[in-house]
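What follows is the content of query29.cif (mmCIF, C-alpha atoms).
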data_input
loop_
_atom_site.label_atom_id
_atom_site.label_comp_id
_atom_site.auth_asym_id
_atom_site.auth_seq_id
_atom_site.Cartn_x
_atom_site.Cartn_y
_atom_site.Cartn_z
CA MET A 252 13.72 17.38 23.67
CA LYS A 253 17.50 17.01 23.60
CA ARG A 254 19.44 17.26 20.35
CA GLU A 255 20.65 13.65 20.69
CA ASP A 256 17.06 12.43 21.02
CA LYS A 257 16.01 14.36 17.91
CA ASP A 258 18.97 13.00 15.96
CA LYS A 259 18.06 9.46 17.01
CA ILE A 260 14.43 9.92 15.91
CA ILE A 261 15.55 11.38 12.57
CA SER A 262 17.96 8.52 11.90
CA ASN A 263 15.32 5.90 12.85
CA LEU A 264 12.77 7.56 10.56
CA THR A 265 15.30 7.80 7.73
CA GLU A 266 16.12 4.11 8.07
CA SER A 267 12.44 3.13 8.15
CA ILE A 268 11.65 5.22 5.07
CA ASN A 269 14.66 3.91 3.15
CA HIS A 270 13.64 0.30 3.87
CA SER A 271 9.95 0.76 3.10
CA LYS A 272 8.41 0.54 -0.36
CA HIS A 273 5.11 1.91 0.93
CA PHE A 274 4.19 4.53 3.49
CA TYR A 275 1.24 6.81 4.08
CA LEU A 276 1.19 10.25 5.70
CA THR A 277 -2.09 10.78 7.52
CA ASP A 278 -3.80 13.32 9.76
CA THR A 279 -5.05 11.64 12.92
CA SER A 280 -5.56 14.85 14.91
CA GLU A 281 -8.84 15.29 16.74
CA LEU A 282 -9.19 11.54 17.32
CA ASN A 283 -9.99 10.89 20.97
CA ALA A 284 -8.05 8.37 23.05
CA GLU A 285 -10.52 5.54 22.37
CA SER A 286 -10.51 6.09 18.59
CA THR A 287 -6.74 6.38 18.52
CA SER A 288 -6.46 3.12 20.44
CA GLN A 289 -8.85 1.41 17.98
CA LEU A 290 -6.80 2.72 15.03
CA ARG A 291 -3.55 1.48 16.57
CA ARG A 292 -5.12 -1.94 17.22
CA LYS A 293 -6.39 -2.23 13.63
CA CYS A 294 -2.97 -1.18 12.34
CA PHE A 295 -1.31 -3.85 14.48
CA GLU A 296 -3.77 -6.50 13.23
CA SER A 297 -3.08 -5.48 9.61
CA ASP A 298 0.70 -5.50 10.10
CA ILE A 299 0.96 -1.71 9.71
CA LYS A 300 3.43 0.26 11.78
CA LEU A 301 1.85 3.56 12.92
CA ILE A 302 4.08 6.41 14.16
CA VAL A 303 3.06 9.93 15.17
CA VAL A 304 5.89 12.34 14.42
CA LYS A 305 6.69 16.04 14.37
CA ASN A 306 6.69 17.50 10.87
CA THR A 307 10.10 19.14 11.26
CA LEU A 308 11.72 15.85 12.26
CA LEU A 309 9.97 14.01 9.43
CA LYS A 310 11.11 16.60 6.89
CA LYS A 311 14.71 16.27 8.05
CA ALA A 312 14.42 12.48 7.80
CA LEU A 313 12.98 12.72 4.28
CA GLU A 314 15.81 15.05 3.27
CA LYS A 315 18.36 12.46 4.44
CA CYS A 316 16.74 9.59 2.54
CA SER A 317 18.31 8.06 -0.54
CA ASP A 318 15.24 8.89 -2.70
CA ASN A 319 13.86 12.35 -3.44
CA PHE A 320 10.71 13.05 -1.39
CA GLU A 321 10.34 16.79 -2.06
CA GLU A 322 6.77 16.27 -3.29
CA LEU A 323 5.76 15.33 0.26
CA TYR A 324 7.09 18.50 1.94
CA GLU A 325 3.98 20.54 1.13
CA VAL A 326 1.69 18.22 3.14
CA LEU A 327 3.79 18.39 6.30
CA LYS A 328 1.39 20.65 8.17
CA ASN A 329 -0.67 20.11 11.30
CA SER A 330 -0.49 16.67 12.90
CA THR A 331 1.18 13.89 10.89
CA SER A 332 1.19 10.14 11.41
CA ILE A 333 3.11 7.69 9.26
CA MET A 334 1.81 4.25 8.34
CA PHE A 335 4.46 1.80 7.12
CA SER A 336 3.25 -1.35 5.37
CA GLU A 337 4.63 -4.21 3.29
CA LYS A 338 1.59 -4.08 1.00
CA GLY A 339 0.69 -0.88 -0.82
CA ASN A 340 -3.09 -1.04 -0.57
CA VAL A 341 -3.56 -2.28 3.00
CA PRO A 342 -3.31 1.13 4.76
CA ALA A 343 -5.75 2.66 2.25
CA LYS A 344 -8.26 -0.12 2.89
CA LEU A 345 -7.81 0.29 6.65
CA ILE A 346 -8.34 4.07 6.45
CA LYS A 347 -11.43 3.63 4.29
CA GLU A 348 -12.86 1.03 6.69
CA PHE A 349 -12.07 3.17 9.74
CA ARG A 350 -13.75 6.20 8.17
CA LYS A 351 -17.06 4.43 7.90
CA THR A 352 -17.62 5.49 11.52
CA LEU A 353 -15.31 8.54 11.87
CA ASP A 354 -14.07 11.44 9.72
CA LYS A 355 -10.40 10.71 10.39
CA PRO A 356 -7.72 9.68 9.58
CA LEU A 357 -7.33 11.81 6.49
CA LEU A 358 -4.84 10.85 3.81
CA LYS A 359 -2.29 13.63 3.31
CA ALA A 360 -0.04 11.69 0.93
CA ALA A 361 1.24 8.22 0.15
CA TYR A 362 4.37 6.75 -1.37
CA VAL A 363 3.46 3.44 -3.02
CA GLU A 364 5.56 1.51 -5.55
CA GLU A 365 7.84 4.51 -6.18
CA SER A 366 4.87 6.81 -6.93
CA PHE A 367 3.44 9.73 -4.99
CA TYR A 368 -0.26 10.12 -4.24
CA ILE A 369 -1.10 13.53 -2.80
CA GLY A 370 -4.43 14.32 -1.16
CA ASP A 371 -7.33 12.50 0.42
CA GLU A 372 -9.10 12.10 -2.94
CA GLN A 373 -6.43 9.52 -3.90
CA LEU A 374 -7.73 7.06 -1.28
CA ASP A 375 -10.01 5.18 -3.70
CA VAL A 376 -7.18 4.82 -6.22
CA LEU A 377 -4.89 3.43 -3.52
CA THR A 378 -7.42 0.82 -2.39
CA LYS A 379 -7.49 -0.59 -5.94
CA ILE A 380 -3.72 -1.00 -6.31
CA LYS A 381 -2.87 -4.67 -6.54
CA THR A 382 -0.19 -6.23 -4.39
CA LYS A 383 2.73 -8.06 -5.95
CA GLU A 384 1.14 -11.40 -5.03
CA GLU A 385 -2.16 -10.42 -6.68
CA VAL A 386 -0.41 -9.41 -9.91
CA ILE A 387 1.57 -12.67 -9.97
CA GLY A 388 -1.68 -14.59 -9.42
CA ASP A 389 -3.33 -12.78 -12.35
CA VAL A 390 -0.36 -13.55 -14.62
CA LEU A 391 -0.42 -17.22 -13.62
CA LEU A 392 -4.13 -17.44 -14.40
CA LEU A 393 -3.49 -15.94 -17.84
CA LEU A 394 -0.68 -18.40 -18.48
CA GLN A 395 -2.77 -21.38 -17.38
CA SER A 396 -5.66 -20.63 -19.72
CA PRO A 397 -4.10 -22.01 -22.96
CA ALA A 398 -2.87 -25.11 -21.16
CA GLN A 399 -6.31 -25.71 -19.71
CA ASN A 400 -7.86 -25.40 -23.19
CA LEU A 401 -5.45 -27.99 -24.55
CA LEU A 402 -6.11 -30.34 -21.64
CA SER A 403 -9.85 -30.06 -22.04
CA ALA A 404 -9.51 -30.75 -25.79
CA LEU A 405 -7.43 -33.82 -25.04
CA GLN A 406 -9.94 -35.11 -22.51
CA SER A 407 -13.01 -34.42 -24.60
CA GLY A 408 -11.51 -36.11 -27.65
CA ASN A 409 -10.96 -39.29 -25.65
CA GLN A 410 -7.25 -38.77 -26.21
CA ASN A 411 -7.47 -39.87 -29.79
CA LEU A 412 -5.88 -37.78 -32.50
CA ALA A 413 -8.97 -37.57 -34.71
CA GLY A 414 -11.05 -36.37 -31.75
CA ILE A 415 -8.46 -33.70 -30.89
CA VAL A 416 -8.34 -32.37 -34.44
CA LYS A 417 -12.13 -32.34 -34.64
CA LYS A 418 -12.46 -30.57 -31.29
CA LEU A 419 -9.84 -27.94 -32.18
CA SER A 420 -11.47 -27.25 -35.57
CA GLU A 421 -14.84 -26.81 -33.84
CA LYS A 422 -13.30 -24.26 -31.47
CA GLU A 423 -11.82 -22.27 -34.36
CA GLN A 424 -15.23 -22.09 -36.04
CA ASN A 425 -16.88 -20.77 -32.86
#
Now, as a test, write the supplied structure out as C-alpha coordinates.
Amino acid sequence: MKREDKDKIISNLTESINHSKHFYLTDTSELNAESTSQLRRKCFESDIKLIVVKNTLLKKALEKCSDNFEELYEVLKNSTSIMFSEKGNVPAKLIKEFRKTLDKPLLKAAYVEESFYIGDEQLDVLTKIKTKEEVIGDVLLLLQSPAQNLLSALQSGNQNLAGIVKKLSEKEQN
(Lines of atoms letter the chains of each structure in order from A and count residues from 1; the text may use other names and numbers.)
(Lines give C-alpha, C1' and ligand atoms only; values in the text may rest on other atoms or scores of the structure.)
Protein backbone atom coordinates (compact mmCIF):
# COMPACT_ATOMS: atom_id res chain seq x y z
CA MET A 1 0.00 0.00 0.00
CA LYS A 2 1.35 3.43 -0.90
CA ARG A 3 2.18 5.99 1.77
CA GLU A 4 -0.48 8.39 0.43
CA ASP A 5 -3.14 5.68 0.72
CA LYS A 6 -2.13 4.93 4.32
CA ASP A 7 -2.19 8.63 5.19
CA LYS A 8 -5.67 8.96 3.69
CA ILE A 9 -6.95 5.97 5.69
CA ILE A 10 -5.42 7.35 8.89
CA SER A 11 -6.95 10.80 8.37
CA ASN A 12 -10.39 9.29 7.57
CA LEU A 13 -10.22 7.11 10.69
CA THR A 14 -9.11 10.05 12.82
CA GLU A 15 -12.00 12.15 11.55
CA SER A 16 -14.52 9.34 12.15
CA ILE A 17 -13.24 8.74 15.69
CA ASN A 18 -13.23 12.46 16.54
CA HIS A 19 -16.85 12.81 15.35
CA SER A 20 -18.13 9.68 17.06
CA LYS A 21 -19.29 9.48 20.67
CA HIS A 22 -19.44 5.69 20.50
CA PHE A 23 -17.30 3.06 18.82
CA TYR A 24 -16.54 -0.59 19.42
CA LEU A 25 -13.36 -2.51 18.60
CA THR A 26 -14.21 -6.11 17.76
CA ASP A 27 -12.53 -9.28 16.55
CA THR A 28 -14.33 -10.64 13.51
CA SER A 29 -11.54 -12.98 12.39
CA GLU A 30 -12.46 -16.54 11.52
CA LEU A 31 -15.91 -15.50 10.29
CA ASN A 32 -16.56 -17.03 6.88
CA ALA A 33 -17.78 -14.97 3.94
CA GLU A 34 -21.45 -15.75 4.59
CA SER A 35 -21.26 -14.83 8.29
CA THR A 36 -19.33 -11.66 7.52
CA SER A 37 -21.96 -10.69 4.97
CA GLN A 38 -24.74 -11.31 7.53
CA LEU A 39 -22.90 -9.19 10.10
CA ARG A 40 -22.44 -6.35 7.62
CA ARG A 41 -26.13 -6.52 6.68
CA LYS A 42 -27.24 -6.41 10.33
CA CYS A 43 -24.88 -3.49 10.96
CA PHE A 44 -26.36 -1.63 7.99
CA GLU A 45 -29.91 -2.31 9.22
CA SER A 46 -28.98 -1.03 12.70
CA ASP A 47 -27.28 2.10 11.33
CA ILE A 48 -23.82 0.92 12.41
CA LYS A 49 -20.79 1.63 10.26
CA LEU A 50 -18.46 -1.42 10.22
CA ILE A 51 -14.84 -1.02 9.10
CA VAL A 52 -12.06 -3.63 9.10
CA VAL A 53 -8.71 -1.93 9.62
CA LYS A 54 -5.06 -2.71 10.24
CA ASN A 55 -4.04 -2.25 13.85
CA THR A 56 -1.02 -0.09 13.00
CA LEU A 57 -3.17 2.34 11.00
CA LEU A 58 -5.81 2.42 13.73
CA LYS A 59 -3.19 3.13 16.40
CA LYS A 60 -1.79 6.02 14.38
CA ALA A 61 -5.32 7.38 13.92
CA LEU A 62 -6.02 7.10 17.65
CA GLU A 63 -2.76 8.91 18.41
CA LYS A 64 -3.85 11.81 16.17
CA CYS A 65 -7.28 12.14 17.78
CA SER A 66 -8.20 15.04 20.02
CA ASP A 67 -8.99 12.71 22.96
CA ASN A 68 -6.58 10.34 24.70
CA PHE A 69 -7.19 6.73 23.64
CA GLU A 70 -4.07 5.10 25.13
CA GLU A 71 -6.22 2.60 27.04
CA LEU A 72 -7.23 1.03 23.71
CA TYR A 73 -3.68 0.39 22.45
CA GLU A 74 -3.31 -2.87 24.37
CA VAL A 75 -6.24 -4.52 22.53
CA LEU A 76 -4.90 -3.73 19.06
CA LYS A 77 -3.81 -7.28 18.32
CA ASN A 78 -4.95 -9.79 15.72
CA SER A 79 -7.81 -8.73 13.46
CA THR A 80 -9.71 -5.56 14.41
CA SER A 81 -13.00 -4.19 13.15
CA ILE A 82 -14.51 -0.89 14.24
CA MET A 83 -18.23 -0.35 14.73
CA PHE A 84 -19.34 3.30 14.76
CA SER A 85 -22.82 4.05 16.07
CA GLU A 86 -24.92 7.03 17.13
CA LYS A 87 -26.34 5.05 20.06
CA GLY A 88 -24.03 3.53 22.65
CA ASN A 89 -25.83 0.26 23.28
CA VAL A 90 -26.87 -0.73 19.74
CA PRO A 91 -23.58 -2.42 18.71
CA ALA A 92 -23.50 -4.39 21.99
CA LYS A 93 -27.04 -5.62 21.40
CA LEU A 94 -26.18 -6.54 17.81
CA ILE A 95 -23.06 -8.46 18.90
CA LYS A 96 -25.00 -10.30 21.59
CA GLU A 97 -27.76 -11.21 19.13
CA PHE A 98 -25.26 -12.31 16.48
CA ARG A 99 -23.43 -14.51 18.98
CA LYS A 100 -26.51 -16.58 19.66
CA THR A 101 -25.51 -18.58 16.57
CA LEU A 102 -21.74 -17.93 16.31
CA ASP A 103 -18.77 -17.38 18.65
CA LYS A 104 -17.74 -14.12 16.99
CA PRO A 105 -17.53 -11.14 16.92
CA LEU A 106 -15.70 -10.74 20.19
CA LEU A 107 -15.66 -7.39 21.95
CA LYS A 108 -12.09 -6.15 22.38
CA ALA A 109 -13.00 -2.71 23.71
CA ALA A 110 -15.59 0.03 23.45
CA TYR A 111 -15.63 3.79 23.85
CA VAL A 112 -19.12 4.84 24.96
CA GLU A 113 -20.11 8.20 26.47
CA GLU A 114 -16.46 9.14 27.14
CA SER A 115 -15.80 5.88 29.03
CA PHE A 116 -13.67 2.88 28.11
CA TYR A 117 -14.92 -0.70 28.36
CA ILE A 118 -12.14 -3.23 27.89
CA GLY A 119 -12.78 -6.92 27.27
CA ASP A 120 -15.57 -9.17 26.10
CA GLU A 121 -16.98 -9.52 29.63
CA GLN A 122 -18.17 -5.89 29.38
CA LEU A 123 -20.74 -6.80 26.70
CA ASP A 124 -23.62 -7.28 29.16
CA VAL A 125 -22.88 -3.93 30.81
CA LEU A 126 -22.88 -2.21 27.42
CA THR A 127 -26.25 -3.68 26.41
CA LYS A 128 -27.82 -2.10 29.51
CA ILE A 129 -26.53 1.43 28.89
CA LYS A 130 -29.45 3.72 28.16
CA THR A 131 -29.48 6.01 25.16
CA LYS A 132 -29.93 9.74 25.58
CA GLU A 133 -33.55 9.44 24.40
CA GLU A 134 -34.28 6.70 26.95
CA VAL A 135 -32.85 8.78 29.81
CA ILE A 136 -34.89 11.82 28.74
CA GLY A 137 -38.00 9.62 28.60
CA ASP A 138 -37.35 8.35 32.14
CA VAL A 139 -36.90 11.91 33.44
CA LEU A 140 -40.12 13.04 31.75
CA LEU A 141 -42.02 10.16 33.33
CA LEU A 142 -40.68 11.15 36.75
CA LEU A 143 -41.67 14.77 36.19
CA GLN A 144 -45.17 13.83 35.04
CA SER A 145 -45.97 11.74 38.10
CA PRO A 146 -46.77 14.63 40.52
CA ALA A 147 -48.84 16.40 37.89
CA GLN A 148 -50.79 13.22 37.22
CA ASN A 149 -51.49 12.82 40.95
CA LEU A 150 -52.83 16.36 41.14
CA LEU A 151 -54.99 15.86 38.05
CA SER A 152 -56.44 12.63 39.39
CA ALA A 153 -57.20 14.35 42.72
CA LEU A 154 -58.95 17.15 40.89
CA GLN A 155 -61.02 14.74 38.82
CA SER A 156 -61.94 12.44 41.67
CA GLY A 157 -63.01 15.34 43.88
CA ASN A 158 -65.45 16.50 41.20
CA GLN A 159 -63.38 19.66 40.96
CA ASN A 160 -64.74 20.99 44.18
CA LEU A 161 -62.39 22.34 46.81
CA ALA A 162 -63.75 20.25 49.68
CA GLY A 163 -63.37 17.08 47.60
CA ILE A 164 -59.77 17.98 46.71
CA VAL A 165 -58.81 18.62 50.33
CA LYS A 166 -60.48 15.39 51.43
CA LYS A 167 -58.79 13.38 48.69
CA LEU A 168 -55.34 14.85 49.45
CA SER A 169 -55.73 14.19 53.19
CA GLU A 170 -56.70 10.58 52.44
CA LYS A 171 -53.54 10.16 50.34
CA GLU A 172 -51.35 11.51 53.13
CA GLN A 173 -52.83 9.00 55.58
CA ASN A 174 -52.14 6.09 53.21
Let me know the residues the PyMOL selection byres ((chain A and resi 312-320) around 12) catches in the file above, as a PDB file with C-alpha atoms, in the frame of the given file.
ATOM      1  CA  LYS A 257      16.010  14.360  17.910  1.00  0.00           C
ATOM      2  CA  ASP A 258      18.970  13.000  15.960  1.00  0.00           C
ATOM      3  CA  LYS A 259      18.060   9.460  17.010  1.00  0.00           C
ATOM      4  CA  ILE A 260      14.430   9.920  15.910  1.00  0.00           C
ATOM      5  CA  ILE A 261      15.550  11.380  12.570  1.00  0.00           C
ATOM      6  CA  SER A 262      17.960   8.520  11.900  1.00  0.00           C
ATOM      7  CA  ASN A 263      15.320   5.900  12.850  1.00  0.00           C
ATOM      8  CA  LEU A 264      12.770   7.560  10.560  1.00  0.00           C
ATOM      9  CA  THR A 265      15.300   7.800   7.730  1.00  0.00           C
ATOM     10  CA  GLU A 266      16.120   4.110   8.070  1.00  0.00           C
ATOM     11  CA  SER A 267      12.440   3.130   8.150  1.00  0.00           C
ATOM     12  CA  ILE A 268      11.650   5.220   5.070  1.00  0.00           C
ATOM     13  CA  ASN A 269      14.660   3.910   3.150  1.00  0.00           C
ATOM     14  CA  HIS A 270      13.640   0.300   3.870  1.00  0.00           C
ATOM     15  CA  SER A 271       9.950   0.760   3.100  1.00  0.00           C
ATOM     16  CA  LYS A 272       8.410   0.540  -0.360  1.00  0.00           C
ATOM     17  CA  PHE A 274       4.190   4.530   3.490  1.00  0.00           C
ATOM     18  CA  VAL A 304       5.890  12.340  14.420  1.00  0.00           C
ATOM     19  CA  LYS A 305       6.690  16.040  14.370  1.00  0.00           C
ATOM     20  CA  ASN A 306       6.690  17.500  10.870  1.00  0.00           C
ATOM     21  CA  THR A 307      10.100  19.140  11.260  1.00  0.00           C
ATOM     22  CA  LEU A 308      11.720  15.850  12.260  1.00  0.00           C
ATOM     23  CA  LEU A 309       9.970  14.010   9.430  1.00  0.00           C
ATOM     24  CA  LYS A 310      11.110  16.600   6.890  1.00  0.00           C
ATOM     25  CA  LYS A 311      14.710  16.270   8.050  1.00  0.00           C
ATOM     26  CA  GLU A 321      10.340  16.790  -2.060  1.00  0.00           C
ATOM     27  CA  GLU A 322       6.770  16.270  -3.290  1.00  0.00           C
ATOM     28  CA  LEU A 323       5.760  15.330   0.260  1.00  0.00           C
ATOM     29  CA  TYR A 324       7.090  18.500   1.940  1.00  0.00           C
ATOM     30  CA  GLU A 325       3.980  20.540   1.130  1.00  0.00           C
ATOM     31  CA  VAL A 326       1.690  18.220   3.140  1.00  0.00           C
ATOM     32  CA  LEU A 327       3.790  18.390   6.300  1.00  0.00           C
ATOM     33  CA  ALA A 360      -0.040  11.690   0.930  1.00  0.00           C
ATOM     34  CA  ALA A 361       1.240   8.220   0.150  1.00  0.00           C
ATOM     35  CA  TYR A 362       4.370   6.750  -1.370  1.00  0.00           C
ATOM     36  CA  GLU A 365       7.840   4.510  -6.180  1.00  0.00           C
ATOM     37  CA  SER A 366       4.870   6.810  -6.930  1.00  0.00           C
ATOM     38  CA  PHE A 367       3.440   9.730  -4.990  1.00  0.00           C
ATOM     39  CA  TYR A 368      -0.260  10.120  -4.240  1.00  0.00           C
ATOM     40  CA  ILE A 369      -1.100  13.530  -2.800  1.00  0.00           C
TER      41      ILE A 369
END
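Relative to atom CA of A:Asn329, atom CA of A:Asp278 is found at 7.6 Å.
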Find the residues near A:Lys293: any atom within 9 Å, counting all atoms listed in the file, skip ones fewer than 6 places away on the same chain, and give them as JSON, numbers by chain.
{"A": [299, 345, 349]}
Residue nearest A:Thr331 - candidates A:Leu358, A:Ala343, A:Leu419, A:Leu290, atoms counted: all atoms listed in the file
A:Leu358
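Using all atoms listed in the file for every distance, the candidate list A:Tyr275, A:Ser330, A:Val416, A:Asn283 yields A:Tyr275 as the residue closest to A:Ile346.
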Identify, on the basis of only C-alpha atoms, every residue whose closest approach to A:Ile302 does not exceed 7 Å; exclude the query and any residue fewer than 6 positions from it along the same chain; express the result as a CSV table (one decimal) with C-alpha atoms, in the coordinates of the input.
chain,number,residue,atom,x,y,z
A,332,SER,CA,1.2,10.1,11.4
A,333,ILE,CA,3.1,7.7,9.3
A,334,MET,CA,1.8,4.2,8.3
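For the atom pair formed by atom CA of A:Thr277 and atom CA of A:Pro356, the distance is 6.1 Å, given to one decimal.
The gap separating atom CA of A:Glu385 from atom CA of A:Pro342 is 16.3 Å, in Å to one decimal.
Residues lying within 9 Å of A:Lys338, counting only C-alpha atoms and ignoring same-chain neighbours fewer than 4 positions away, are Lys272, His273, Pro342, Val363, Lys381, Thr382 and Lys383 of chain A.
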Check which residues satisfy the PyMOL selection byres ((chain A and resi 377-379) around 8) in the file shown, then give them as a ChimeraX atom specification.
/A:339-341,343-344,373-376,380-381
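Remark: for A:Phe295, the closest of the candidate residues A:Lys417, A:Ser336, A:Pro397, A:Ile387 is A:Ser336 (distances computed over all atoms listed in the file).
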So that all listed atoms of stretch 388-403 of chain A fit with 6 Å spare on each side, what axis-aligned box centre and edge lengths in Å, to one decimal, would you give as AutoDock Vina command-line options?
--center_x -5.1 --center_y -21.6 --center_z -17.0 --size_x 21.5 --size_y 29.6 --size_z 27.1
